[in-house]
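Data file: coords-v9.txt. Format and content: compact mmCIF, C-alpha atoms.
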# COMPACT_ATOMS: atom_id res chain seq x y z
CA MET A 1 0.00 0.00 0.00
CA PRO A 2 1.55 3.35 -1.01
CA SER A 3 2.47 5.69 1.82
CA THR A 4 0.88 9.12 2.19
CA PRO A 5 3.24 11.83 0.89
CA VAL A 6 4.75 14.09 3.53
CA ILE A 7 3.45 17.64 3.26
CA ASP A 8 5.70 20.58 4.09
CA THR A 9 3.20 22.49 6.24
CA VAL A 10 5.28 25.67 6.29
CA ARG A 11 5.42 25.75 2.49
CA LEU A 12 1.71 24.88 2.28
CA SER A 13 0.80 27.72 4.63
CA ALA A 14 2.82 30.20 2.56
CA CYS A 15 1.23 29.00 -0.69
CA ALA A 16 -2.26 29.13 0.81
CA ARG A 17 -1.75 32.75 1.86
CA GLU A 18 -0.44 33.69 -1.58
CA ILE A 19 -3.29 31.91 -3.35
CA ALA A 20 -5.85 33.62 -1.11
CA GLU A 21 -4.30 37.04 -1.75
CA THR A 22 -4.30 36.37 -5.49
CA GLY A 23 -7.95 35.38 -5.32
CA ARG A 24 -8.87 38.69 -3.70
CA GLU A 25 -6.90 40.64 -6.32
CA LEU A 26 -8.44 38.84 -9.30
CA ALA A 27 -11.94 38.92 -7.83
CA ALA A 28 -11.64 42.68 -7.35
CA GLN A 29 -11.12 42.94 -11.12
CA GLY A 30 -14.27 40.91 -11.77
CA TRP A 31 -12.31 38.02 -13.29
CA THR A 32 -13.61 35.27 -10.96
CA PRO A 33 -17.44 35.65 -10.88
CA ALA A 34 -19.60 33.48 -8.62
CA THR A 35 -17.44 30.56 -7.46
CA SER A 36 -15.70 30.13 -10.82
CA SER A 37 -11.95 29.87 -11.43
CA ASN A 38 -9.27 27.78 -9.75
CA PHE A 39 -5.71 28.51 -8.67
CA SER A 40 -2.75 26.39 -7.67
CA MET A 41 0.92 26.44 -6.70
CA ARG A 42 3.57 23.73 -6.75
CA LEU A 43 4.58 22.57 -3.28
CA ALA A 44 7.34 20.01 -3.78
CA GLY A 45 7.79 17.14 -6.19
CA GLU A 46 4.36 16.21 -7.52
CA LEU A 47 2.41 17.81 -4.68
CA ILE A 48 0.28 20.84 -5.51
CA ALA A 49 -1.61 23.36 -3.37
CA MET A 50 -5.02 23.82 -5.00
CA THR A 51 -8.21 25.74 -4.30
CA VAL A 52 -11.06 23.63 -2.96
CA SER A 53 -13.98 23.27 -5.37
CA GLY A 54 -16.92 25.67 -5.07
CA ARG A 55 -15.28 28.35 -2.93
CA ASP A 56 -15.68 32.09 -3.49
CA LYS A 57 -12.25 33.07 -4.82
CA GLY A 58 -12.56 36.61 -3.49
CA ARG A 59 -13.01 35.31 0.08
CA LEU A 60 -10.43 32.54 0.25
CA THR A 61 -8.83 31.56 3.54
CA PRO A 62 -6.05 29.00 4.10
CA ASP A 63 -8.79 26.42 4.79
CA ASP A 64 -9.93 26.84 1.16
CA VAL A 65 -6.63 25.47 -0.15
CA MET A 66 -5.97 21.72 -0.23
CA VAL A 67 -3.19 19.42 -1.43
CA VAL A 68 -3.41 17.09 -4.43
CA ASP A 69 -0.85 14.72 -5.88
CA GLY A 70 0.45 14.49 -9.42
CA VAL A 71 -2.68 12.78 -10.69
CA GLY A 72 -5.05 15.15 -8.91
CA GLN A 73 -5.98 12.96 -5.94
CA PRO A 74 -6.52 14.66 -2.54
CA VAL A 75 -3.72 14.21 -0.02
CA GLY A 76 -4.46 14.26 3.70
CA THR A 77 -7.97 15.72 3.29
CA THR A 78 -11.54 14.82 2.41
CA ALA A 79 -12.02 18.12 0.57
CA ARG A 80 -12.89 18.00 -3.13
CA PRO A 81 -10.60 19.69 -5.68
CA SER A 82 -11.81 21.36 -8.85
CA ALA A 83 -13.09 19.10 -11.62
CA GLU A 84 -10.37 20.73 -13.74
CA THR A 85 -7.49 19.71 -11.49
CA ALA A 86 -6.11 17.54 -14.31
CA LEU A 87 -5.44 20.68 -16.35
CA HIS A 88 -3.26 22.02 -13.55
CA THR A 89 -1.33 18.79 -12.99
CA GLN A 90 -0.77 18.58 -16.75
CA ILE A 91 0.90 21.99 -16.84
CA TYR A 92 3.16 21.16 -13.89
CA ARG A 93 4.10 17.87 -15.51
CA ARG A 94 4.88 19.38 -18.92
CA PHE A 95 6.63 22.51 -17.61
CA PRO A 96 8.94 21.77 -14.65
CA GLU A 97 9.75 25.46 -14.27
CA VAL A 98 6.13 26.41 -13.62
CA GLN A 99 5.28 27.19 -9.99
CA ALA A 100 1.78 28.69 -10.29
CA VAL A 101 -1.26 28.13 -12.51
CA LEU A 102 -4.26 30.48 -12.73
CA HIS A 103 -7.62 29.83 -14.36
CA THR A 104 -9.92 32.87 -14.66
CA HIS A 105 -13.38 33.54 -16.09
CA SER A 106 -13.54 37.20 -17.09
CA ARG A 107 -16.34 38.33 -19.36
CA GLN A 108 -13.90 39.34 -22.11
CA GLN A 109 -12.02 36.04 -21.95
CA THR A 110 -15.28 34.13 -22.19
CA VAL A 111 -16.63 36.18 -25.12
CA ALA A 112 -13.32 35.90 -26.98
CA SER A 113 -13.29 32.14 -26.44
CA ARG A 114 -16.61 31.91 -28.33
CA LEU A 115 -15.64 34.40 -31.03
CA PHE A 116 -12.35 32.71 -31.92
CA ALA A 117 -13.48 29.12 -31.38
CA PRO A 118 -14.19 28.49 -35.10
CA ALA A 119 -10.58 29.40 -35.94
CA GLY A 120 -9.29 27.38 -33.00
CA VAL A 121 -6.80 30.08 -32.08
CA LEU A 122 -6.56 33.75 -31.10
CA ARG A 123 -3.48 35.15 -32.83
CA LEU A 124 -1.85 38.16 -31.16
CA GLU A 125 0.67 40.15 -33.16
CA GLY A 126 1.99 43.71 -33.08
CA TRP A 127 0.90 44.57 -29.55
CA GLU A 128 3.56 46.09 -27.29
CA LEU A 129 2.16 44.35 -24.23
CA GLN A 130 3.01 40.95 -25.67
CA LYS A 131 6.39 41.61 -24.04
CA ALA A 132 4.71 41.10 -20.65
CA ILE A 133 4.57 37.38 -21.42
CA THR A 134 7.69 35.47 -20.39
CA GLY A 135 9.88 34.72 -23.40
CA PHE A 136 8.58 37.56 -25.59
CA THR A 137 10.92 40.50 -26.20
CA THR A 138 9.33 42.32 -29.13
CA HIS A 139 5.93 43.39 -30.38
CA ALA A 140 6.89 41.90 -33.77
CA SER A 141 6.47 38.37 -32.40
CA VAL A 142 3.36 36.21 -32.69
CA LEU A 143 1.58 34.88 -29.62
CA GLU A 144 -1.00 32.20 -30.33
CA LEU A 145 -3.68 31.33 -27.77
CA PRO A 146 -5.34 28.07 -28.79
CA VAL A 147 -9.08 27.84 -28.15
CA PHE A 148 -10.00 24.31 -27.14
CA PRO A 149 -13.60 23.03 -27.28
CA ASN A 150 -15.24 22.84 -23.88
CA THR A 151 -16.05 19.46 -22.40
CA GLN A 152 -16.81 18.01 -18.98
CA HIS A 153 -14.62 15.02 -19.88
CA MET A 154 -11.17 16.09 -18.70
CA PRO A 155 -9.19 13.34 -20.50
CA GLU A 156 -10.52 14.71 -23.80
CA LEU A 157 -9.46 18.25 -22.94
CA THR A 158 -6.04 17.28 -21.61
CA ALA A 159 -5.50 15.22 -24.78
CA ARG A 160 -6.09 18.33 -26.90
CA VAL A 161 -3.54 20.26 -24.86
CA GLU A 162 -1.08 17.37 -25.18
CA ALA A 163 -1.58 17.26 -28.96
CA TRP A 164 -0.78 20.99 -29.23
CA LEU A 165 2.40 20.56 -27.19
CA ASP A 166 3.43 17.34 -28.90
CA ALA A 167 3.21 19.14 -32.24
CA GLY A 168 6.01 21.41 -30.99
CA ARG A 169 3.82 24.51 -30.79
CA PRO A 170 4.67 27.03 -28.04
CA LEU A 171 2.09 27.30 -25.30
CA HIS A 172 1.94 30.16 -22.80
CA ALA A 173 -1.80 30.17 -22.18
CA TYR A 174 -5.01 28.86 -23.68
CA LEU A 175 -8.73 29.54 -23.80
CA ILE A 176 -11.56 27.04 -23.41
CA GLU A 177 -14.63 27.80 -25.51
CA GLY A 178 -17.38 29.51 -23.54
CA HIS A 179 -15.28 29.13 -20.45
CA GLY A 180 -12.14 31.14 -19.72
CA LEU A 181 -8.36 31.42 -19.63
CA TYR A 182 -5.56 29.20 -18.33
CA THR A 183 -2.09 30.65 -17.86
CA TRP A 184 0.89 30.09 -15.59
CA GLY A 185 4.32 31.32 -14.53
CA ALA A 186 7.61 30.61 -12.79
CA ASN A 187 6.03 32.17 -9.69
CA MET A 188 2.68 33.68 -8.72
CA THR A 189 3.83 37.18 -9.69
CA ASP A 190 4.57 36.02 -13.23
CA ALA A 191 1.28 34.15 -13.48
CA LYS A 192 -0.70 37.22 -12.35
CA ARG A 193 1.18 39.40 -14.83
CA HIS A 194 0.26 37.00 -17.61
CA VAL A 195 -3.42 37.10 -16.65
CA GLU A 196 -3.43 40.90 -16.58
CA ALA A 197 -1.55 41.27 -19.87
CA LEU A 198 -3.67 38.69 -21.67
CA GLU A 199 -6.87 40.27 -20.37
CA PHE A 200 -5.71 43.59 -21.86
CA LEU A 201 -4.65 42.03 -25.17
CA ILE A 202 -7.90 40.09 -25.51
CA ALA A 203 -9.85 43.29 -24.85
CA CYS A 204 -7.87 45.07 -27.58
CA GLU A 205 -8.67 42.31 -30.09
CA LEU A 206 -12.37 42.48 -29.21
CA ASP A 207 -12.38 46.28 -29.59
CA LEU A 208 -10.74 45.97 -33.01
CA ARG A 209 -13.44 43.55 -34.12
CA ARG A 210 -16.14 45.99 -33.01
CA LEU A 211 -14.51 48.96 -34.76
CA GLN A 212 -13.95 47.03 -37.97
CA SER A 213 -17.50 45.68 -38.19
I need this file expressed as structure tokens, please.
Amino acid sequence: MPSTPVIDTVRLSACAREIAETGRELAAQGWTPATSSNFSMRLAGELIAMTVSGRDKGRLTPDDVMVVDGVGQPVGTTARPSAETALHTQIYRRFPEVQAVLHTHSRQQTVASRLFAPAGVLRLEGWELQKAITGFTTHASVLELPVFPNTQHMPELTARVEAWLDAGRPLHAYLIEGHGLYTWGANMTDAKRHVEALEFLIACELDLRRLQS
């Protein structure tokens, strides 16, 4: 019988505080309506600190953050993680440098995910703020946000993300149709910057569509 992983309680407490603070900041922007969204941070090895399902992200406390293992199973708790936990564990598995993953549900992200779903991608090019995304140093670059079809069957969704990555295509964030945005970073500060920059860039693309119609 496998042993229960040892949790670094000091690290968990620090992550829980940072996740709760992030929740308040993003909720204040209106990017986590109702009890939507989910946030996580890497603890150690395959262990992840993750928001408990169904909690108001603008009112998180340390008790609203739980631990899951590398396959999304709860560790040392009876709390239930988000149904989308597999999307978080996938990012940590594919990107060892990632320390924080944020999933938000802003109105603009959700509208854009429907608008660009037929193309399967939102292509950003020529915007100065693209440089806010780690790895981008010029507005002349191209940043592609894939738009994956929504499904309640997580293996289907994770398979689509895997296929994108296995094709050798860069991935810094993605949208889920009618749903919202996933992005991440080498720390929570980077992840929050990515959310803010992508929210701005998505809004610019939506405004252009309105002005050109």
Counting all atoms listed in the file, what is within 7 Å of segment 38-42 of chain A, bar same-chain residues fewer than 2 positions away, as an mmCIF file with C-alpha atoms, in the frame of the given file?
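Saved file part_32.cif follows:
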data_model
loop_
_atom_site.group_PDB
_atom_site.id
_atom_site.type_symbol
_atom_site.label_atom_id
_atom_site.label_comp_id
_atom_site.auth_asym_id
_atom_site.auth_seq_id
_atom_site.Cartn_x
_atom_site.Cartn_y
_atom_site.Cartn_z
ATOM 1 C CA CYS A 15 1.230 29.000 -0.690
ATOM 2 C CA ILE A 19 -3.290 31.910 -3.350
ATOM 3 C CA SER A 36 -15.700 30.130 -10.820
ATOM 4 C CA ALA A 44 7.340 20.010 -3.780
ATOM 5 C CA LEU A 47 2.410 17.810 -4.680
ATOM 6 C CA ILE A 48 0.280 20.840 -5.510
ATOM 7 C CA ALA A 49 -1.610 23.360 -3.370
ATOM 8 C CA MET A 50 -5.020 23.820 -5.000
ATOM 9 C CA THR A 51 -8.210 25.740 -4.300
ATOM 10 C CA SER A 82 -11.810 21.360 -8.850
ATOM 11 C CA GLN A 99 5.280 27.190 -9.990
ATOM 12 C CA ALA A 100 1.780 28.690 -10.290
ATOM 13 C CA VAL A 101 -1.260 28.130 -12.510
ATOM 14 C CA LEU A 102 -4.260 30.480 -12.730
ATOM 15 C CA HIS A 103 -7.620 29.830 -14.360
#
**Q.** Residue among A:Ser141, A:Thr9, A:Gln130, A:Thr32 lying closest to Ile202 of chain A, counting all atoms listed in the file
**A.**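 Distance minimum relative to Ile202 of chain A lands on A:Gln130.
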Q. If you measure from atom CA of Pro146 of chain A to atom CA of Gln90 of chain A, what distance in Å do you get, rounded to one decimal?
A.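 Atom CA of Pro146 of chain A sits 16.0 Å away from atom CA of Gln90 of chain A.
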Q. In Å, how far is it from atom CA of Leu43 of chain A to atom CA of Asp8 of chain A?
A.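 Pair atom CA of Leu43 of chain A / atom CA of Asp8 of chain A returns 7.7 Å.
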(Q) For a quick check of your reading of the model, name the residues lying within 8 Å of the coordinate (2.0, 34.7, -27.4), counting all atoms listed in the file, and write them as a list in words. (A)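 Every residue inside that radius is included here: Arg123, Leu124, Gln130, Ile133, Phe136, Ser141, Val142, Leu143, Glu144, Leu145, Leu171, His172 and Ala173 of chain A.
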Q) atom CA of Thr35 of chain A and atom CA of Phe116 of chain A, how far apart in Å? A)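 Atom-to-atom, atom CA of Phe116 of chain A to atom CA of Thr35 of chain A, that is 25.1 Å.
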Q.
Taking only C-alpha atoms into account, name the residue in A:Ala112, A:Val147, A:Val195, A:Val65 that is nearest to Leu12 of chain A.
A.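 Ranked by minimum distance to Leu12 of chain A, first place goes to A:Val65.
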Q.
At a cut-off of 9 Å, using all atoms listed in the file, what residues contact Thr138 of chain A? Leave out same-chain residues fewer than 6 positions from it and give the result as a list in words.
A.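 The contact residues come out as Gly126, Trp127, Glu128, Leu129, Gln130 and Lys131 of chain A.
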